[in-house]
$ cat my_file-v9.cif   # mmCIF, C-alpha atoms
data_coords
loop_
_atom_site.group_PDB
_atom_site.id
_atom_site.type_symbol
_atom_site.label_atom_id
_atom_site.label_comp_id
_atom_site.auth_asym_id
_atom_site.auth_seq_id
_atom_site.Cartn_x
_atom_site.Cartn_y
_atom_site.Cartn_z
ATOM 1 C CA MET R 1 26.658 -0.259 92.891
ATOM 2 C CA VAL R 2 24.706 -2.055 95.577
ATOM 3 C CA VAL R 3 21.094 -1.042 96.147
ATOM 4 C CA LEU R 4 19.300 -2.466 99.163
ATOM 5 C CA ASN R 5 15.664 -1.439 99.175
ATOM 6 C CA ARG R 6 14.442 -4.378 101.186
ATOM 7 C CA ILE R 7 16.454 -6.049 103.936
ATOM 8 C CA TYR R 8 14.525 -9.278 104.354
ATOM 9 C CA THR R 9 13.562 -11.484 101.430
ATOM 10 C CA ARG R 10 12.562 -14.704 103.233
ATOM 11 C CA LYS R 11 14.706 -16.648 100.730
ATOM 12 C CA GLY R 12 17.100 -17.710 103.491
ATOM 13 C CA ASP R 13 14.377 -19.153 105.684
ATOM 14 C CA ASP R 14 15.297 -22.600 104.336
ATOM 15 C CA GLY R 15 18.874 -22.243 105.633
ATOM 16 C CA SER R 16 20.386 -21.221 102.306
ATOM 17 C CA THR R 17 21.999 -18.048 100.998
ATOM 18 C CA ALA R 18 22.937 -16.785 97.548
ATOM 19 C CA LEU R 19 26.412 -16.268 96.183
ATOM 20 C CA VAL R 20 27.141 -13.408 93.789
ATOM 21 C CA THR R 21 26.390 -15.835 90.939
ATOM 22 C CA GLY R 22 22.882 -16.486 92.260
ATOM 23 C CA GLU R 23 23.830 -20.048 93.215
ATOM 24 C CA ARG R 24 22.344 -20.964 96.584
ATOM 25 C CA LEU R 25 24.396 -22.692 99.276
ATOM 26 C CA LYS R 26 23.614 -23.870 102.776
ATOM 27 C CA LYS R 27 24.494 -21.204 105.311
ATOM 28 C CA SER R 28 26.809 -23.807 106.884
ATOM 29 C CA ASP R 29 28.792 -24.252 103.651
ATOM 30 C CA PRO R 30 32.556 -23.675 104.146
ATOM 31 C CA ARG R 31 32.521 -20.803 101.631
ATOM 32 C CA VAL R 32 29.740 -19.050 103.543
ATOM 33 C CA GLU R 33 31.521 -19.768 106.840
ATOM 34 C CA ALA R 34 34.692 -18.175 105.439
ATOM 35 C CA TYR R 35 33.131 -14.952 104.213
ATOM 36 C CA GLY R 36 30.956 -14.792 107.316
ATOM 37 C CA THR R 37 34.092 -14.911 109.452
ATOM 38 C CA VAL R 38 35.645 -12.172 107.309
ATOM 39 C CA ASP R 39 32.519 -10.111 108.032
ATOM 40 C CA GLU R 40 32.912 -10.853 111.751
ATOM 41 C CA THR R 41 36.514 -9.621 111.549
ATOM 42 C CA ASN R 42 35.283 -6.421 109.931
ATOM 43 C CA SER R 43 32.829 -5.825 112.775
ATOM 44 C CA ILE R 44 35.598 -6.233 115.333
ATOM 45 C CA VAL R 45 37.739 -3.734 113.427
ATOM 46 C CA GLY R 46 34.822 -1.327 113.714
ATOM 47 C CA ILE R 47 34.862 -1.766 117.485
ATOM 48 C CA ALA R 48 38.661 -1.368 117.603
ATOM 49 C CA ARG R 49 38.320 1.893 115.693
ATOM 50 C CA LEU R 50 36.252 3.304 118.549
ATOM 51 C CA HIS R 51 39.573 3.331 120.432
ATOM 52 C CA THR R 52 42.023 4.425 117.697
ATOM 53 C CA GLY R 53 40.899 8.004 117.028
ATOM 54 C CA THR R 54 43.970 9.448 118.774
ATOM 55 C CA TRP R 55 46.122 7.831 116.060
ATOM 56 C CA PRO R 56 44.645 9.185 112.795
ATOM 57 C CA HIS R 57 47.108 7.379 110.512
ATOM 58 C CA LEU R 58 46.390 4.009 112.190
ATOM 59 C CA ASP R 59 42.658 4.699 112.063
ATOM 60 C CA ALA R 60 42.993 5.425 108.327
ATOM 61 C CA MET R 61 44.808 2.094 107.880
ATOM 62 C CA LEU R 62 41.960 0.337 109.684
ATOM 63 C CA ALA R 63 39.372 2.132 107.543
ATOM 64 C CA ARG R 64 41.157 0.864 104.410
ATOM 65 C CA ILE R 65 41.209 -2.632 105.885
ATOM 66 C CA GLN R 66 37.475 -2.494 106.538
ATOM 67 C CA ASN R 67 36.898 -1.661 102.890
ATOM 68 C CA ASP R 68 39.303 -4.431 101.830
ATOM 69 C CA LEU R 69 37.400 -6.894 104.010
ATOM 70 C CA PHE R 70 34.253 -6.175 102.014
ATOM 71 C CA ASP R 71 36.316 -6.788 98.854
ATOM 72 C CA LEU R 72 37.550 -10.069 100.351
ATOM 73 C CA GLY R 73 34.019 -11.111 101.266
ATOM 74 C CA ALA R 74 32.834 -10.329 97.734
ATOM 75 C CA ASP R 75 35.754 -12.307 96.312
ATOM 76 C CA LEU R 76 34.933 -15.312 98.496
ATOM 77 C CA ALA R 77 31.227 -15.031 97.586
ATOM 78 C CA THR R 78 32.138 -15.280 93.896
ATOM 79 C CA PRO R 79 33.614 -18.695 93.044
ATOM 80 C CA PRO R 80 36.666 -18.336 90.748
ATOM 81 C CA LYS R 81 35.124 -20.339 87.925
ATOM 82 C CA ALA R 82 31.913 -18.303 87.937
ATOM 83 C CA GLU R 83 30.673 -17.303 84.509
ATOM 84 C CA LEU R 84 29.609 -13.698 84.882
ATOM 85 C CA LYS R 85 28.735 -10.901 82.492
ATOM 86 C CA TRP R 86 30.945 -8.533 84.484
ATOM 87 C CA GLU R 87 34.426 -8.550 85.980
ATOM 88 C CA PRO R 88 34.117 -9.840 89.550
ATOM 89 C CA LEU R 89 35.682 -7.971 92.443
ATOM 90 C CA ARG R 90 38.885 -9.742 93.463
ATOM 91 C CA ILE R 91 41.625 -9.142 96.012
ATOM 92 C CA VAL R 92 44.750 -8.034 94.139
ATOM 93 C CA ALA R 93 48.452 -8.191 94.956
ATOM 94 C CA ALA R 94 48.573 -4.412 95.544
ATOM 95 C CA GLN R 95 46.283 -4.818 98.559
ATOM 96 C CA VAL R 96 48.622 -7.427 100.049
ATOM 97 C CA GLU R 97 51.642 -5.231 99.333
ATOM 98 C CA ARG R 98 50.007 -2.222 101.004
ATOM 99 C CA LEU R 99 49.402 -4.284 104.140
ATOM 100 C CA GLU R 100 53.044 -5.383 104.149
ATOM 101 C CA LYS R 101 54.227 -1.762 103.925
ATOM 102 C CA GLU R 102 51.900 -0.730 106.746
ATOM 103 C CA ILE R 103 53.069 -3.645 108.913
ATOM 104 C CA ASP R 104 56.695 -2.647 108.294
ATOM 105 C CA ALA R 105 55.983 1.009 109.112
ATOM 106 C CA LEU R 106 54.289 0.170 112.431
ATOM 107 C CA ASN R 107 56.809 -2.527 113.317
ATOM 108 C CA ALA R 108 59.731 -0.101 112.884
ATOM 109 C CA ASP R 109 58.490 1.773 115.980
ATOM 110 C CA LEU R 110 58.163 -1.288 118.231
ATOM 111 C CA GLU R 111 60.291 -2.480 121.091
ATOM 112 C CA PRO R 112 61.765 -5.917 120.292
ATOM 113 C CA LEU R 113 59.671 -8.842 121.493
ATOM 114 C CA LYS R 114 61.139 -10.765 124.431
ATOM 115 C CA SER R 115 58.145 -12.950 125.208
ATOM 116 C CA PHE R 116 54.796 -13.923 123.809
ATOM 117 C CA VAL R 117 52.215 -11.166 124.205
ATOM 118 C CA LEU R 118 48.915 -11.649 126.004
ATOM 119 C CA PRO R 119 45.902 -9.856 124.499
ATOM 120 C CA GLY R 120 45.352 -6.647 126.423
ATOM 121 C CA GLY R 121 47.169 -3.599 127.676
ATOM 122 C CA SER R 122 44.619 -1.157 126.299
ATOM 123 C CA ALA R 123 41.115 -1.353 124.880
ATOM 124 C CA ALA R 124 42.439 -0.699 121.384
ATOM 125 C CA ALA R 125 45.055 -3.450 121.690
ATOM 126 C CA ALA R 126 42.577 -5.956 123.121
ATOM 127 C CA HIS R 127 40.175 -5.388 120.230
ATOM 128 C CA LEU R 128 42.974 -5.585 117.677
ATOM 129 C CA HIS R 129 44.056 -8.905 119.193
ATOM 130 C CA LEU R 130 40.459 -10.118 118.907
ATOM 131 C CA ALA R 131 40.457 -9.070 115.244
ATOM 132 C CA ARG R 132 43.730 -11.000 114.852
ATOM 133 C CA THR R 133 42.312 -14.221 116.252
ATOM 134 C CA VAL R 134 39.088 -14.033 114.242
ATOM 135 C CA SER R 135 41.020 -13.273 111.044
ATOM 136 C CA ARG R 136 43.153 -16.363 111.798
ATOM 137 C CA ARG R 137 39.923 -18.384 112.015
ATOM 138 C CA ALA R 138 38.893 -17.003 108.618
ATOM 139 C CA GLU R 139 42.293 -18.060 107.302
ATOM 140 C CA ARG R 140 41.870 -21.592 108.673
ATOM 141 C CA LEU R 141 38.460 -21.854 107.006
ATOM 142 C CA MET R 142 39.947 -20.637 103.732
ATOM 143 C CA VAL R 143 42.805 -23.143 103.968
ATOM 144 C CA ALA R 144 40.241 -25.914 104.526
ATOM 145 C CA MET R 145 38.433 -24.788 101.358
ATOM 146 C CA ILE R 146 41.690 -24.945 99.390
ATOM 147 C CA ALA R 147 42.404 -28.421 100.793
ATOM 148 C CA GLU R 148 39.088 -29.557 99.291
ATOM 149 C CA ASP R 149 39.530 -27.610 96.049
ATOM 150 C CA PRO R 150 42.916 -26.009 95.247
ATOM 151 C CA GLU R 151 41.122 -23.542 92.961
ATOM 152 C CA ALA R 152 38.494 -22.487 95.536
ATOM 153 C CA MET R 153 39.980 -18.968 95.683
ATOM 154 C CA SER R 154 42.921 -16.944 94.506
ATOM 155 C CA ARG R 155 46.258 -17.022 96.286
ATOM 156 C CA GLU R 156 45.859 -13.273 96.861
ATOM 157 C CA CYS R 157 42.841 -13.953 99.093
ATOM 158 C CA LEU R 158 44.842 -16.260 101.300
ATOM 159 C CA ALA R 159 47.908 -14.001 101.302
ATOM 160 C CA TYR R 160 45.759 -11.003 102.255
ATOM 161 C CA VAL R 161 44.143 -12.693 105.248
ATOM 162 C CA ASN R 162 47.520 -14.079 106.369
ATOM 163 C CA ARG R 163 49.079 -10.592 106.323
ATOM 164 C CA LEU R 164 45.965 -9.182 107.959
ATOM 165 C CA SER R 165 46.436 -11.123 111.179
ATOM 166 C CA ASP R 166 50.085 -10.017 111.214
ATOM 167 C CA PHE R 167 48.932 -6.420 110.796
ATOM 168 C CA PHE R 168 46.535 -6.711 113.739
ATOM 169 C CA PHE R 169 49.291 -8.178 115.933
ATOM 170 C CA VAL R 170 51.725 -5.391 115.110
ATOM 171 C CA ALA R 171 49.019 -2.716 115.423
ATOM 172 C CA ALA R 172 47.998 -4.065 118.849
ATOM 173 C CA ARG R 173 51.593 -3.780 120.031
ATOM 174 C CA TRP R 174 51.921 -0.336 118.437
ATOM 175 C CA VAL R 175 48.918 1.081 120.327
ATOM 176 C CA ASN R 176 50.393 -0.359 123.543
ATOM 177 C CA ASP R 177 52.944 2.447 123.660
ATOM 178 C CA HIS R 178 55.020 0.873 120.874
ATOM 179 C CA GLY R 179 55.199 -2.405 122.765
ATOM 180 C CA ARG R 180 56.264 -0.902 126.098
ATOM 181 C CA ALA R 181 52.780 -1.472 127.575
ATOM 182 C CA ASP R 182 52.369 -5.000 126.190
ATOM 183 C CA VAL R 183 51.184 -7.621 128.642
ATOM 184 C CA LEU R 184 53.820 -10.342 128.458
ATOM 185 C CA TRP R 185 53.280 -14.033 129.039
ATOM 186 C CA THR R 186 55.134 -15.468 132.003
ATOM 187 C CA PRO R 187 55.364 -19.244 131.442
ATOM 188 C CA GLY R 188 54.203 -21.245 134.459
ATOM 189 C CA ALA R 189 53.515 -18.101 136.488
ATOM 190 C CA ASN R 190 50.522 -19.608 138.309
ATOM 191 C CA ARG R 191 51.783 -23.088 139.117
#

$ encode --input "my_file-v9.cif" --output "structure tokens"
Amino acid sequence: MVVLNRIYTRKGDDGSTALVTGERLKKSDPRVEAYGTVDETNSIVGIARLHTGTWPHLDAMLARIQNDLFDLGADLATPPKAELKWEPLRIVAAQVERLEKEIDALNADLEPLKSFVLPGGSAAAAHLHLARTVSRRAERLMVAMIAEDPEAMSRECLAYVNRLSDFFFVAARWVNDHGRADVLWTPGANR
């Protein structure tokens, strides 16, 4: 259980932050950048949810994702080789599988895609597209970490964030009247 009695500690005034292990890293460290971008994604999902209340089952999916994003952040803030006296919180395959099932369920209702989709159509869709692009940035940061150290995180972390951006894309189309209100790209339209 997390207990936050005091919000500021002044320990980060030197530009560092602590991982779950207590190890301190620069706030510009790729690991901190990755979990910070996951946190940013979570905030955008919170904004998207302001517009998804008319779809309770989608809003429930987004609420689960917000919780998962905290799990993902905790996983990224705990290096895999950390020696801890407790079992660290990790993303598990079941979370990835749940996302896949939810993507499939939403996608079954969609009109087939005939063009690339521009972000927009409705407030909910625009915010879900923003969540998609920020989650893709988190994924790129995570891939860069793995390029430096193949054991920087579990494969489930990377799989989860990869599915997550797919979920946001499908959900954005779903809230746009099952794709019928999507804003489609017209190549060269303004030449």

$ closest_atom_pairs --input "my_file-v9.cif" --of "range 95-165 of chain R" --to "range 47-64 of chain R" --cutoff "10 Å" --atoms "all atoms listed in the file" --output "CSV"
residue,atom,partner,partner_atom,distance
R:Gln95,CA,R:Arg64,CA,9.6
R:Arg98,CA,R:Met61,CA,9.6
R:Leu99,CA,R:Met61,CA,8.7
R:Glu102,CA,R:Met61,CA,7.7
R:Leu106,CA,R:Leu58,CA,8.8
R:Ser122,CA,R:His51,CA,8.9
R:Ala123,CA,R:His51,CA,6.6
R:Ala124,CA,R:His51,CA,5.0
R:Ala125,CA,R:Ala48,CA,7.9
R:Ala126,CA,R:Ala48,CA,8.2
R:His127,CA,R:Ala48,CA,5.0
R:Leu128,CA,R:Ala48,CA,6.0
R:His129,CA,R:Ala48,CA,9.4
R:Leu130,CA,R:Ala48,CA,9.0
R:Ala131,CA,R:Ala48,CA,8.3

$ resolve_selection --input "my_file-v9.cif" --expression "the PyMOL selection byres ((chain R and resi 69-80) around 10)" --output "mmCIF file with C-alpha atoms, in the frame of the given file"
data_model
loop_
_atom_site.group_PDB
_atom_site.id
_atom_site.type_symbol
_atom_site.label_atom_id
_atom_site.label_comp_id
_atom_site.auth_asym_id
_atom_site.auth_seq_id
_atom_site.Cartn_x
_atom_site.Cartn_y
_atom_site.Cartn_z
ATOM 1 C CA ALA R 18 22.937 -16.785 97.548
ATOM 2 C CA LEU R 19 26.412 -16.268 96.183
ATOM 3 C CA VAL R 20 27.141 -13.408 93.789
ATOM 4 C CA THR R 21 26.390 -15.835 90.939
ATOM 5 C CA GLY R 22 22.882 -16.486 92.260
ATOM 6 C CA GLU R 23 23.830 -20.048 93.215
ATOM 7 C CA ARG R 31 32.521 -20.803 101.631
ATOM 8 C CA VAL R 32 29.740 -19.050 103.543
ATOM 9 C CA ALA R 34 34.692 -18.175 105.439
ATOM 10 C CA TYR R 35 33.131 -14.952 104.213
ATOM 11 C CA GLY R 36 30.956 -14.792 107.316
ATOM 12 C CA THR R 37 34.092 -14.911 109.452
ATOM 13 C CA VAL R 38 35.645 -12.172 107.309
ATOM 14 C CA ASP R 39 32.519 -10.111 108.032
ATOM 15 C CA GLU R 40 32.912 -10.853 111.751
ATOM 16 C CA THR R 41 36.514 -9.621 111.549
ATOM 17 C CA ASN R 42 35.283 -6.421 109.931
ATOM 18 C CA SER R 43 32.829 -5.825 112.775
ATOM 19 C CA VAL R 45 37.739 -3.734 113.427
ATOM 20 C CA ALA R 63 39.372 2.132 107.543
ATOM 21 C CA ARG R 64 41.157 0.864 104.410
ATOM 22 C CA ILE R 65 41.209 -2.632 105.885
ATOM 23 C CA GLN R 66 37.475 -2.494 106.538
ATOM 24 C CA ASN R 67 36.898 -1.661 102.890
ATOM 25 C CA ASP R 68 39.303 -4.431 101.830
ATOM 26 C CA LYS R 81 35.124 -20.339 87.925
ATOM 27 C CA ALA R 82 31.913 -18.303 87.937
ATOM 28 C CA GLU R 83 30.673 -17.303 84.509
ATOM 29 C CA LEU R 84 29.609 -13.698 84.882
ATOM 30 C CA PRO R 88 34.117 -9.840 89.550
ATOM 31 C CA LEU R 89 35.682 -7.971 92.443
ATOM 32 C CA ARG R 90 38.885 -9.742 93.463
ATOM 33 C CA ILE R 91 41.625 -9.142 96.012
ATOM 34 C CA VAL R 92 44.750 -8.034 94.139
ATOM 35 C CA MET R 142 39.947 -20.637 103.732
ATOM 36 C CA GLU R 151 41.122 -23.542 92.961
ATOM 37 C CA ALA R 152 38.494 -22.487 95.536
ATOM 38 C CA MET R 153 39.980 -18.968 95.683
ATOM 39 C CA SER R 154 42.921 -16.944 94.506
ATOM 40 C CA GLU R 156 45.859 -13.273 96.861
ATOM 41 C CA CYS R 157 42.841 -13.953 99.093
ATOM 42 C CA LEU R 158 44.842 -16.260 101.300
ATOM 43 C CA TYR R 160 45.759 -11.003 102.255
ATOM 44 C CA VAL R 161 44.143 -12.693 105.248
ATOM 45 C CA LEU R 164 45.965 -9.182 107.959
#

$ closest_residue --input "my_file-v9.cif" --among "R:Val134, R:Val175, R:Val3, R:Ala181" --to "Asn162 in chain R" --atoms "only C-alpha atoms"
R:Val134

$ residues_near_point --input "my_file-v9.cif" --point "(56.4, -12.6, 128.9)" --cutoff "10 Å" --atoms "all atoms listed in the file" --output "PyMOL selection string"
chain R and resi 113-118+182-187+189

$ closest_residue --input "my_file-v9.cif" --among "R:Gly188, R:Gly179, R:Pro150, R:Gly46" --to "Pro112 in chain R" --atoms "all atoms listed in the file"
R:Gly179
